[in-house]
Amino acid sequence: FYFFVYFDFDHFKAYNDIYGFRSGDRVILLFTDMLKKLRSETGLFAGHIGGDDFFIGLEKMNLEEASEIVKNIIESFRKNVESFYDPAAIKSGFIETKDRNGNMAKFPLMTVSAVLLKIQGNRKKIYSSERVSTMIARLKPVAKCKENKLSIHVFGDKI
């Protein structure tokens with residue numbers, strides 16, 4: 001089995017609006033360093049799509065093992081990114097800034113959401129980049145709403 005995992009930060013824009021792009025770049029470097037460390041430990045394939053979007057590829061493991069790796073990444077990021085906030089934000093658990101419509105809103109501290117796709121190697125046609133992108137687009141909002149920030153899909157299953 002092969003696994004493709006897409007990661008997207010939650011509330012990254014709000015963070016950048018308050019703390020600035022340089023600090024946002026430091027958050028991106030934090031996540032990059034986390035993936036590099038994991039790559040050296042597990043041999044996974046990692047990439048930075050751009051901005052706050054990343055992906056990894058995993059193989060030679062089962063769904064439970066792949067899920068555990070992704071859950072650990074999500075939790076580790078949540079713990080580590082907290083240090084990028086000021087004490088008042090950490091204490092309250094949120095920051096306040098304008099939303100995309102210009103209205104003041106409260107945003108929780110940053111987290112990362114993940115879409116884990118299990119790909120079986122014998123049906124190549126359904127795994128085109130368009131198919132994978134469509135699946136990620138459908139599952140990303142699902143992951144962002146889940147408490148564990150993870151949405152899992154096995155190709156061939158209906159969602």
# chains A, B, ... in the order shown; residues from 1 in each chain; ligands from 1
>>> select_by_dssp(residues="range 4-147 of chain A", states="strand (DSSP E)", output="MDAnalysis selection string")
chainID A and resid 4:10 45:50 53:59 94:98 104:108 111:119
>>> write_last_selection(atoms="C-alpha atoms", output="PDB file, in the first residue's frame")
ATOM      1  CA  PHE A   4      -0.390  10.205   0.246  1.00  0.00           C
ATOM      2  CA  VAL A   5      -0.952  12.737   3.022  1.00  0.00           C
ATOM      3  CA  TYR A   6      -1.848  16.374   2.421  1.00  0.00           C
ATOM      4  CA  PHE A   7      -1.379  18.910   5.257  1.00  0.00           C
ATOM      5  CA  ASP A   8      -2.860  22.389   5.573  1.00  0.00           C
ATOM      6  CA  PHE A   9      -2.482  24.772   8.518  1.00  0.00           C
ATOM      7  CA  ASP A  10      -5.658  25.964  10.243  1.00  0.00           C
ATOM      8  CA  PHE A  45       8.918  11.286   1.010  1.00  0.00           C
ATOM      9  CA  ALA A  46       8.067  14.891   1.928  1.00  0.00           C
ATOM     10  CA  GLY A  47       7.326  18.020  -0.063  1.00  0.00           C
ATOM     11  CA  HIS A  48       6.246  21.634   0.325  1.00  0.00           C
ATOM     12  CA  ILE A  49       3.511  22.562  -2.123  1.00  0.00           C
ATOM     13  CA  GLY A  50       3.704  26.236  -1.160  1.00  0.00           C
ATOM     14  CA  ASP A  53       0.450  23.320   2.190  1.00  0.00           C
ATOM     15  CA  PHE A  54       2.651  20.233   2.531  1.00  0.00           C
ATOM     16  CA  PHE A  55       2.514  16.554   1.618  1.00  0.00           C
ATOM     17  CA  ILE A  56       4.216  13.303   2.513  1.00  0.00           C
ATOM     18  CA  GLY A  57       4.288   9.890   0.898  1.00  0.00           C
ATOM     19  CA  LEU A  58       4.446   6.716   2.978  1.00  0.00           C
ATOM     20  CA  GLU A  59       4.850   3.096   1.954  1.00  0.00           C
ATOM     21  CA  PHE A  94      -7.313  32.383  20.576  1.00  0.00           C
ATOM     22  CA  ILE A  95      -6.296  35.564  18.769  1.00  0.00           C
ATOM     23  CA  GLU A  96      -8.572  38.315  17.550  1.00  0.00           C
ATOM     24  CA  THR A  97      -8.275  39.835  14.088  1.00  0.00           C
ATOM     25  CA  LYS A  98     -10.388  40.561  11.027  1.00  0.00           C
ATOM     26  CA  MET A 104     -13.452  41.148  13.851  1.00  0.00           C
ATOM     27  CA  ALA A 105     -13.406  37.485  14.860  1.00  0.00           C
ATOM     28  CA  LYS A 106     -11.739  35.130  17.318  1.00  0.00           C
ATOM     29  CA  PHE A 107      -9.452  32.480  15.826  1.00  0.00           C
ATOM     30  CA  PRO A 108      -8.212  29.458  17.778  1.00  0.00           C
ATOM     31  CA  THR A 111      -3.290  23.615  14.158  1.00  0.00           C
ATOM     32  CA  VAL A 112      -2.680  21.483  11.090  1.00  0.00           C
ATOM     33  CA  SER A 113      -5.280  19.340   9.330  1.00  0.00           C
ATOM     34  CA  ALA A 114      -4.455  16.301   7.219  1.00  0.00           C
ATOM     35  CA  VAL A 115      -6.054  14.215   4.498  1.00  0.00           C
ATOM     36  CA  LEU A 116      -4.647  10.677   4.340  1.00  0.00           C
ATOM     37  CA  LEU A 117      -5.276   8.798   1.099  1.00  0.00           C
ATOM     38  CA  LYS A 118      -4.613   5.066   0.937  1.00  0.00           C
ATOM     39  CA  ILE A 119      -3.635   4.129  -2.592  1.00  0.00           C
TER      40      ILE A 119
END
>>> select_by_dssp(residues="range 8-156 of chain A", states="helix (DSSP H, G or I)", output="NGL selection string")
:A and (12-19 or 21-42 or 63-84 or 87-92 or 124-127 or 129-145)
>>> closest_residue(among="A:Ala14, A:Val70, A:Ala143, A:Val154", to="Tyr2 in chain A", atoms="only C-alpha atoms")
A:Val154
>>> closest_residue(among="A:Asn72, A:Asn103, A:Ser133, A:Asn62", to="Gln120 in chain A", atoms="only C-alpha atoms")
A:Asn62
>>> closest_residue(among="A:Phe155, A:Phe3, A:Phe77, A:Phe84", to="Arg22 in chain A", atoms="only C-alpha atoms")
A:Phe84
>>> residues_around(residues="Gly24 in chain A", least_positions_apart="5", cutoff="9 Å", atoms="only C-alpha atoms", output="list in words")
Phe12, Lys13, Tyr15, Asn16, Tyr19 and Leu29 of chain A
>>> atom_distance(atom1="CA of Glu82 in chain A", atom2="CA of Val142 in chain A")
23.3 Å
>>> closest_residue(among="A:Leu139, A:Ala66, A:Val81, A:Ala88", to="Met34 in chain A", atoms="only C-alpha atoms")
A:Val81
>>> atom_distance(atom1="CA of Leu150 in chain A", atom2="CA of Met110 in chain A")
14.9 Å
>>> closest_residue(among="A:Ile18, A:Leu30, A:Ile152, A:Ile73", to="Tyr85 in chain A", atoms="only C-alpha atoms")
A:Ile18
